[in-house]
Amino acid sequence: MVDITSAELEAAEKIFGERLDLAKRYVEHLATSGTERGLIGPREIPRLWSRHVLNCAVIESAIAMDSHVADVGSGAGLPGLCLAIARPDLELTLIEPLERRVIWLQEIVDDLGLDNVTIMRTRAELAVGLVDADVVTARAVSALSNLAGLTIPLLNGRGEVVAIKGRSAGEEIEKAKKVIRKLGGVETSVVVCGQELLEEPTTVVRIIVNKPGKSS
């Protein structure tokens, strides 16, 4: 079993509720087959709850009920699988180009019985037109100036990007503002999620997209 502190457990109980056991099983998969197959570094095992799963799961507070969420560069399911476990009302499409990661993700989805998850083996730019998302998420994929072009088109002109970022979020927004505007972003802000739950809250860049001609 992966160790979990009392503070982490309290946060996990509030986020995952009656699905906490699913979250625990997911963390065990990350610590075992996830590390064996190169999706998570072995040094990350002691920090799986704090740095990875809880860090990702708290962004659920920024996502509206019954949204279709596309997770770009899903990798080890961060944040896609965290959201699928925390929010059974959400429909998740995990977009991941690497076959070995897709195989692992499908194994975990099957084992946990997550019927709100679809996995697409493709690049984000090739998924445009195949996915009609309300929200697009991403973590550790690319700088925002490049990430905007990978995420915003998946919204088909209307919706939100919720990208997990670090302390340089403000600087990234400044560098990407022209690209974001060109793609239809009408409002970009830094949002902090999980202040009341986590020792280190999660910083998110939120981009509201509404291209001219698209109804809100």
# chains A, B, ... in the order shown; residues from 1 in each chain; ligands from 1
call {"tool": "closest_atom_pairs", "arguments": {"of": "region 168-199 of chain A", "to": "region 147-153 of chain A", "cutoff": "9 Å", "atoms": "only C-alpha atoms", "output": "JSON lines"}}
result
{"residue": "A:Ala176", "atom": "CA", "partner": "A:Ala148", "partner_atom": "CA", "distance": 7.7}
{"residue": "A:Val179", "atom": "CA", "partner": "A:Ala148", "partner_atom": "CA", "distance": 7.2}
{"residue": "A:Ile180", "atom": "CA", "partner": "A:Ala148", "partner_atom": "CA", "distance": 6.2}
{"residue": "A:Leu183", "atom": "CA", "partner": "A:Ile152", "partner_atom": "CA", "distance": 6.8}
{"residue": "A:Gly184", "atom": "CA", "partner": "A:Ile152", "partner_atom": "CA", "distance": 7.9}
{"residue": "A:Gly185", "atom": "CA", "partner": "A:Ile152", "partner_atom": "CA", "distance": 7.9}
call {"tool": "closest_atom_pairs", "arguments": {"of": "region 55-141 of chain A", "to": "region 195-209 of chain A", "cutoff": "8 Å", "atoms": "only C-alpha atoms", "output": "CSV"}}
result
residue,atom,partner,partner_atom,distance
A:Asn55,CA,A:Thr202,CA,5.7
A:Cys56,CA,A:Thr202,CA,7.5
A:Val58,CA,A:Thr202,CA,7.3
A:Ile59,CA,A:Thr202,CA,7.5
call {"tool": "write_last_selection", "arguments": {"atoms": "all heavy atoms", "output": "PDB file, in the first residue's frame"}}
result
ATOM      1  N   ASN A  55      -3.411  16.734  -6.264  1.00  0.00           N
ATOM      2  CA  ASN A  55      -3.081  17.937  -7.038  1.00  0.00           C
ATOM      3  C   ASN A  55      -3.954  18.053  -8.279  1.00  0.00           C
ATOM      4  O   ASN A  55      -4.404  19.143  -8.648  1.00  0.00           O
ATOM      5  CB  ASN A  55      -1.600  17.888  -7.416  1.00  0.00           C
ATOM      6  CG  ASN A  55      -1.180  18.981  -8.381  1.00  0.00           C
ATOM      7  OD1 ASN A  55      -1.198  18.782  -9.593  1.00  0.00           O
ATOM      8  ND2 ASN A  55      -0.806  20.125  -7.852  1.00  0.00           N
ATOM      9  N   CYS A  56      -4.222  16.916  -8.914  1.00  0.00           N
ATOM     10  CA  CYS A  56      -5.073  16.894 -10.110  1.00  0.00           C
ATOM     11  C   CYS A  56      -6.553  16.903  -9.762  1.00  0.00           C
ATOM     12  O   CYS A  56      -7.349  17.604 -10.395  1.00  0.00           O
ATOM     13  CB  CYS A  56      -4.767  15.649 -10.937  1.00  0.00           C
ATOM     14  SG  CYS A  56      -3.188  15.717 -11.809  1.00  0.00           S
ATOM     15  N   VAL A  58      -8.326  18.107  -7.364  1.00  0.00           N
ATOM     16  CA  VAL A  58      -8.989  19.313  -6.850  1.00  0.00           C
ATOM     17  C   VAL A  58      -9.493  20.228  -7.961  1.00  0.00           C
ATOM     18  O   VAL A  58     -10.361  21.073  -7.716  1.00  0.00           O
ATOM     19  CB  VAL A  58      -8.094  20.133  -5.889  1.00  0.00           C
ATOM     20  CG1 VAL A  58      -7.879  19.390  -4.596  1.00  0.00           C
ATOM     21  CG2 VAL A  58      -6.783  20.541  -6.545  1.00  0.00           C
ATOM     22  N   ILE A  59      -9.017  20.051  -9.179  1.00  0.00           N
ATOM     23  CA  ILE A  59      -9.509  20.924 -10.256  1.00  0.00           C
ATOM     24  C   ILE A  59     -10.954  20.592 -10.630  1.00  0.00           C
ATOM     25  O   ILE A  59     -11.573  21.326 -11.397  1.00  0.00           O
ATOM     26  CB  ILE A  59      -8.606  20.914 -11.501  1.00  0.00           C
ATOM     27  CG1 ILE A  59      -8.737  19.615 -12.303  1.00  0.00           C
ATOM     28  CG2 ILE A  59      -7.151  21.199 -11.125  1.00  0.00           C
ATOM     29  CD1 ILE A  59      -8.109  19.692 -13.695  1.00  0.00           C
TER      30      ILE A  59
END
call {"tool": "select_by_dssp", "arguments": {"residues": "region 18-105 of chain A", "states": "strand (DSSP E or B)", "output": "ChimeraX atom specification"}}
result
/A:68-72,91-95
call {"tool": "write_last_selection", "arguments": {"atoms": "N, CA, C and O atoms", "output": "PDB file, in the first residue's frame"}}
result
ATOM      1  N   HIS A  68     -18.562  17.376 -20.730  1.00  0.00           N
ATOM      2  CA  HIS A  68     -17.714  16.458 -21.487  1.00  0.00           C
ATOM      3  C   HIS A  68     -16.310  17.042 -21.447  1.00  0.00           C
ATOM      4  O   HIS A  68     -16.079  18.140 -21.951  1.00  0.00           O
ATOM      5  N   VAL A  69     -15.389  16.312 -20.831  1.00  0.00           N
ATOM      6  CA  VAL A  69     -14.026  16.792 -20.624  1.00  0.00           C
ATOM      7  C   VAL A  69     -13.058  15.998 -21.487  1.00  0.00           C
ATOM      8  O   VAL A  69     -13.041  14.768 -21.452  1.00  0.00           O
ATOM      9  N   ALA A  70     -12.249  16.705 -22.265  1.00  0.00           N
ATOM     10  CA  ALA A  70     -11.167  16.070 -23.020  1.00  0.00           C
ATOM     11  C   ALA A  70      -9.856  16.355 -22.306  1.00  0.00           C
ATOM     12  O   ALA A  70      -9.547  17.514 -22.008  1.00  0.00           O
ATOM     13  N   ASP A  71      -9.107  15.305 -22.002  1.00  0.00           N
ATOM     14  CA  ASP A  71      -7.826  15.443 -21.302  1.00  0.00           C
ATOM     15  C   ASP A  71      -6.711  15.201 -22.306  1.00  0.00           C
ATOM     16  O   ASP A  71      -6.557  14.086 -22.820  1.00  0.00           O
ATOM     17  N   VAL A  72      -5.929  16.235 -22.583  1.00  0.00           N
ATOM     18  CA  VAL A  72      -4.892  16.172 -23.616  1.00  0.00           C
ATOM     19  C   VAL A  72      -3.574  15.677 -23.026  1.00  0.00           C
ATOM     20  O   VAL A  72      -3.130  16.151 -21.984  1.00  0.00           O
ATOM     21  N   GLU A  91     -18.180  13.174 -18.403  1.00  0.00           N
ATOM     22  CA  GLU A  91     -17.800  12.260 -19.482  1.00  0.00           C
ATOM     23  C   GLU A  91     -16.363  12.628 -19.883  1.00  0.00           C
ATOM     24  O   GLU A  91     -16.101  13.766 -20.251  1.00  0.00           O
ATOM     25  N   LEU A  92     -15.447  11.680 -19.770  1.00  0.00           N
ATOM     26  CA  LEU A  92     -14.035  11.939 -20.024  1.00  0.00           C
ATOM     27  C   LEU A  92     -13.566  11.295 -21.316  1.00  0.00           C
ATOM     28  O   LEU A  92     -13.836  10.115 -21.553  1.00  0.00           O
ATOM     29  N   THR A  93     -12.858  12.054 -22.125  1.00  0.00           N
ATOM     30  CA  THR A  93     -12.143  11.499 -23.272  1.00  0.00           C
ATOM     31  C   THR A  93     -10.657  11.735 -23.036  1.00  0.00           C
ATOM     32  O   THR A  93     -10.218  12.888 -22.950  1.00  0.00           O
ATOM     33  N   LEU A  94      -9.905  10.655 -22.889  1.00  0.00           N
ATOM     34  CA  LEU A  94      -8.462  10.767 -22.657  1.00  0.00           C
ATOM     35  C   LEU A  94      -7.746  10.670 -24.002  1.00  0.00           C
ATOM     36  O   LEU A  94      -7.885   9.680 -24.712  1.00  0.00           O
ATOM     37  N   ILE A  95      -6.987  11.706 -24.343  1.00  0.00           N
ATOM     38  CA  ILE A  95      -6.287  11.767 -25.623  1.00  0.00           C
ATOM     39  C   ILE A  95      -4.806  11.553 -25.380  1.00  0.00           C
ATOM     40  O   ILE A  95      -4.149  12.351 -24.698  1.00  0.00           O
TER      41      ILE A  95
END
call {"tool": "closest_residue", "arguments": {"among": "A:Gly80, A:Gly73, A:Gly129, A:Gly194", "to": "Asn156 (chain A)", "atoms": "only C-alpha atoms"}}
result
A:Gly129
call {"tool": "closest_residue", "arguments": {"among": "A:Ala86, A:Ile173, A:Ser33, A:Leu130", "to": "Leu20 (chain A)", "atoms": "only C-alpha atoms"}}
result
A:Ala86
call {"tool": "closest_residue", "arguments": {"among": "A:Lys211, A:Arg37, A:Arg51, A:Arg123", "to": "Glu187 (chain A)", "atoms": "only C-alpha atoms"}}
result
A:Lys211
call {"tool": "atom_distance", "arguments": {"atom1": "CA of Ala163 (chain A)", "atom2": "CA of Arg139 (chain A)"}}
result
6.1 Å
call {"tool": "select_by_dssp", "arguments": {"residues": "region 41-208 of chain A", "states": "alpha helix (DSSP H)", "output": "count of residues only"}}
result
47
call {"tool": "closest_residue", "arguments": {"among": "A:Arg100, A:Tyr26, A:Lys177, A:Ala62", "to": "Val161 (chain A)", "atoms": "only C-alpha atoms"}}
result
A:Ala62
call {"tool": "residues_around", "arguments": {"residues": "Ala23 (chain A)", "least_positions_apart": "2", "cutoff": "10 Å", "atoms": "only C-alpha atoms", "output": "number ranges by chain"}}
result
A: 12-13, 15-21, 25-29, 49, 53-54, 57, 81-82, 84-86, 112
call {"tool": "closest_residue", "arguments": {"among": "A:Gly170, A:Arg158, A:Lys178, A:Val117", "to": "Asn146 (chain A)", "atoms": "only C-alpha atoms"}}
result
A:Lys178
call {"tool": "closest_residue", "arguments": {"among": "A:Ala7, A:Leu154, A:Val190, A:Ile103", "to": "Val128 (chain A)", "atoms": "only C-alpha atoms"}}
result
A:Leu154
